[in-house]
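Printed here is run-v2.pdb (PDB, C-alpha atoms):
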```
ATOM      1  CA  MET X  11     347.440 152.215 266.286
ATOM      2  CA  ARG X  12     345.936 155.357 264.797
ATOM      3  CA  ARG X  13     343.247 153.297 262.985
ATOM      4  CA  ILE X  14     342.238 151.545 266.188
ATOM      5  CA  GLY X  15     341.780 154.872 267.981
ATOM      6  CA  SER X  16     339.726 156.243 265.108
ATOM      7  CA  THR X  17     337.531 153.132 265.042
ATOM      8  CA  LEU X  18     336.973 153.252 268.797
ATOM      9  CA  THR X  19     336.047 156.931 268.597
ATOM     10  CA  THR X  20     333.482 156.156 265.884
ATOM     11  CA  PHE X  21     331.916 153.385 267.977
ATOM     12  CA  ALA X  22     331.832 155.606 271.059
ATOM     13  CA  ALA X  23     330.093 158.386 269.111
ATOM     14  CA  ALA X  24     327.529 155.914 267.753
ATOM     15  CA  GLY X  25     326.847 154.672 271.281
ATOM     16  CA  VAL X  26     326.294 158.203 272.587
ATOM     17  CA  LEU X  27     323.865 158.946 269.735
ATOM     18  CA  THR X  28     321.953 155.744 270.422
ATOM     19  CA  LEU X  29     321.464 156.733 274.062
ATOM     20  CA  ALA X  30     320.588 160.340 273.206
ATOM     21  CA  VAL X  31     317.761 159.545 270.752
ATOM     22  CA  PRO X  32     314.521 158.966 272.657
ATOM     23  CA  SER X  33     312.804 155.671 271.983
ATOM     24  CA  SER X  34     309.063 155.385 271.363
ATOM     25  CA  ALA X  35     306.943 154.591 274.374
ATOM     26  CA  ASN X  36     304.975 151.363 274.550
ATOM     27  CA  ALA X  37     301.685 153.031 275.427
ATOM     28  CA  ALA X  38     299.864 155.534 273.267
ATOM     29  CA  ASN X  39     299.176 158.953 274.738
ATOM     30  CA  GLY X  40     295.444 159.650 274.873
ATOM     31  CA  PHE X  41     292.593 157.181 274.723
ATOM     32  CA  VAL X  42     290.635 154.861 272.449
ATOM     33  CA  VAL X  43     286.872 154.480 272.750
ATOM     34  CA  ILE X  44     285.702 150.982 271.758
ATOM     35  CA  GLY X  45     281.952 150.453 271.775
ATOM     36  CA  GLY X  46     281.525 153.240 274.331
ATOM     37  CA  VAL X  47     284.275 151.949 276.654
ATOM     38  CA  VAL X  48     287.247 154.282 277.166
ATOM     39  CA  HIS X  49     290.768 152.753 277.229
ATOM     40  CA  THR X  50     293.236 155.358 278.565
ATOM     41  CA  ASN X  51     296.853 155.254 277.336
ATOM     42  CA  PRO X  52     296.296 151.886 275.628
ATOM     43  CA  SER X  53     299.076 149.562 274.498
ATOM     44  CA  GLY X  54     299.335 146.140 272.954
ATOM     45  CA  CYS X  55     296.487 144.062 271.591
ATOM     46  CA  ILE X  56     292.795 144.694 272.318
ATOM     47  CA  GLU X  57     290.122 142.180 271.255
ATOM     48  CA  ILE X  58     286.954 143.290 269.438
ATOM     49  CA  PRO X  59     284.469 140.427 270.044
ATOM     50  CA  THR X  60     281.428 142.133 268.433
ATOM     51  CA  LEU X  61     280.769 144.926 265.946
ATOM     52  CA  ALA X  62     281.954 148.145 267.602
ATOM     53  CA  SER X  63     282.731 151.721 266.771
ATOM     54  CA  VAL X  64     286.365 152.600 267.478
ATOM     55  CA  PHE X  65     287.380 156.227 268.042
ATOM     56  CA  ASN X  66     291.154 156.815 268.090
ATOM     57  CA  VAL X  67     292.042 159.819 270.266
ATOM     58  CA  THR X  68     295.709 158.863 270.685
ATOM     59  CA  ASP X  69     298.895 160.179 269.130
ATOM     60  CA  ILE X  70     299.535 157.025 267.041
ATOM     61  CA  PRO X  71     297.641 155.042 264.392
ATOM     62  CA  VAL X  72     295.669 151.960 265.458
ATOM     63  CA  LYS X  73     296.172 148.788 263.392
ATOM     64  CA  VAL X  74     293.086 146.619 262.886
ATOM     65  CA  HIS X  75     293.827 142.894 262.460
ATOM     66  CA  ASN X  76     291.347 140.518 260.851
ATOM     67  CA  VAL X  77     291.627 137.865 263.581
ATOM     68  CA  PRO X  78     291.783 137.906 267.398
ATOM     69  CA  GLY X  79     295.143 138.137 269.127
ATOM     70  CA  CYS X  80     296.480 140.699 266.641
ATOM     71  CA  LEU X  81     297.390 137.844 264.337
ATOM     72  CA  GLY X  82     296.662 137.656 260.646
ATOM     73  CA  GLY X  83     296.895 140.647 258.387
ATOM     74  CA  VAL X  84     296.353 144.311 259.062
ATOM     75  CA  VAL X  85     293.084 145.152 257.287
ATOM     76  CA  GLN X  86     292.775 148.787 258.302
ATOM     77  CA  ILE X  87     294.702 151.577 259.970
ATOM     78  CA  ILE X  88     292.780 154.105 262.045
ATOM     79  CA  PRO X  89     294.672 157.413 262.148
ATOM     80  CA  PRO X  90     294.503 159.643 265.233
ATOM     81  CA  GLY X  91     291.245 161.588 265.412
ATOM     82  CA  LEU X  92     289.175 159.170 263.298
ATOM     83  CA  ALA X  93     286.271 156.885 264.248
ATOM     84  CA  VAL X  94     285.345 153.739 262.269
ATOM     85  CA  GLN X  95     283.157 150.647 262.605
ATOM     86  CA  VAL X  96     285.180 147.489 263.240
ATOM     87  CA  PRO X  97     283.589 144.051 262.666
ATOM     88  CA  GLY X  98     283.539 141.511 265.486
ATOM     89  CA  THR X  99     286.234 138.828 265.794
ATOM     90  CA  HIS X 100     288.872 141.443 264.985
ATOM     91  CA  SER X 101     291.575 142.962 267.173
ATOM     92  CA  LEU X 102     293.415 146.275 267.523
ATOM     93  CA  PHE X 103     297.105 146.848 268.076
ATOM     94  CA  LEU X 104     298.574 150.017 269.601
ATOM     95  CA  GLY X 105     302.185 150.598 270.341
TER      96      GLY X 105
END
```
Can the structure in the file be given as structure tokens, please?
Amino acid sequence: MRRIGSTLTTFAAAGVLTLAVPSSANAANGFVVIGGVVHTNPSGCIEIPTLASVFNVTDIPVKVHNVPGCLGGVVQIIPPGLAVQVPGTHSLFLG
């Protein structure tokens, strides 16, 4: 009986810790400028149909995929505060 109580206490403590730790938000805080167009608090996948400069002014890195739909491999990561040229037919993922 003592083992069962100890096990239940451990599970209860783990559950409380899981609820207490904040999870990451889906949207980035800040904005991304893609070819002169501002995307505020972006999240998810954004298509890059033509060559464009991408300026990451968010709090998270932007992953550049080599095909539309954020499929394929990640070919570049744009850290916060950096601007790069991204070829067309690529896509960005934030979140």
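The neighbours of Glu57 of chain X here are the residues that come within 10 Å of it, using all atoms listed in the file and leaving out any residue fewer than 3 positions away in the same chain; they are Ile44, Thr60, Val74, His75, Val77, Pro78, Gly79, Cys80, Gly98, Thr99, His100, Ser101, Leu102 and Phe103 of chain X.
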### Query
Rounded to one decimal in Å, what is the spacing between atom CA of Val64 of chain X and atom CA of Asn51 of chain X?
14.6 Å
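The spacing separating atom CA of Gly91 of chain X from atom CA of Asp69 of chain X amounts to 8.6 Å.
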Protein and nucleic acid residues near (300.6, 152.5, 267.7) (cut-off 10 Å, only C-alpha atoms) as a PDB file with C-alpha atoms, in the frame of the given file:
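Output contents, as saved in out.pdb:
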```
ATOM      1  CA  SER X  34     309.063 155.385 271.363  1.00  0.00           C
ATOM      2  CA  ALA X  35     306.943 154.591 274.374  1.00  0.00           C
ATOM      3  CA  ASN X  36     304.975 151.363 274.550  1.00  0.00           C
ATOM      4  CA  ALA X  37     301.685 153.031 275.427  1.00  0.00           C
ATOM      5  CA  ALA X  38     299.864 155.534 273.267  1.00  0.00           C
ATOM      6  CA  ASN X  39     299.176 158.953 274.738  1.00  0.00           C
ATOM      7  CA  PRO X  52     296.296 151.886 275.628  1.00  0.00           C
ATOM      8  CA  SER X  53     299.076 149.562 274.498  1.00  0.00           C
ATOM      9  CA  GLY X  54     299.335 146.140 272.954  1.00  0.00           C
ATOM     10  CA  THR X  68     295.709 158.863 270.685  1.00  0.00           C
ATOM     11  CA  ASP X  69     298.895 160.179 269.130  1.00  0.00           C
ATOM     12  CA  ILE X  70     299.535 157.025 267.041  1.00  0.00           C
ATOM     13  CA  PRO X  71     297.641 155.042 264.392  1.00  0.00           C
ATOM     14  CA  VAL X  72     295.669 151.960 265.458  1.00  0.00           C
ATOM     15  CA  LYS X  73     296.172 148.788 263.392  1.00  0.00           C
ATOM     16  CA  ILE X  87     294.702 151.577 259.970  1.00  0.00           C
ATOM     17  CA  ILE X  88     292.780 154.105 262.045  1.00  0.00           C
ATOM     18  CA  PRO X  89     294.672 157.413 262.148  1.00  0.00           C
ATOM     19  CA  PRO X  90     294.503 159.643 265.233  1.00  0.00           C
ATOM     20  CA  LEU X 102     293.415 146.275 267.523  1.00  0.00           C
ATOM     21  CA  PHE X 103     297.105 146.848 268.076  1.00  0.00           C
ATOM     22  CA  LEU X 104     298.574 150.017 269.601  1.00  0.00           C
ATOM     23  CA  GLY X 105     302.185 150.598 270.341  1.00  0.00           C
TER      24      GLY X 105
END
```
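Every residue that the PyMOL selection byres ((chain X and resi 94) around 6) selects in this file is listed here: Ser63, Val64, Ala93 and Gln95 of chain X.
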Once you have the residues from the selection above, write them out as a PDB file, in the frame of the given file, restricted to C-alpha atoms.
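Dumped to again_16.pdb:
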```pdb
ATOM      1  CA  SER X  63     282.731 151.721 266.771  1.00  0.00           C
ATOM      2  CA  VAL X  64     286.365 152.600 267.478  1.00  0.00           C
ATOM      3  CA  ALA X  93     286.271 156.885 264.248  1.00  0.00           C
ATOM      4  CA  GLN X  95     283.157 150.647 262.605  1.00  0.00           C
TER       5      GLN X  95
END
```
Using all atoms of segment 80-92 of chain X listed in the file and a margin of 5 Å per side, can you give the axis-aligned box centre and edge lengths in Å to one decimal, as AutoDock Vina command-line options?
```
--center_x 293.3 --center_y 149.6 --center_z 262.0 --size_x 18.2 --size_y 33.9 --size_z 19.4
```
### Query
What is the atom CA of Pro59 of chain X-atom CA of Val84 of chain X distance in Å, reported with one decimal?
16.6 Å
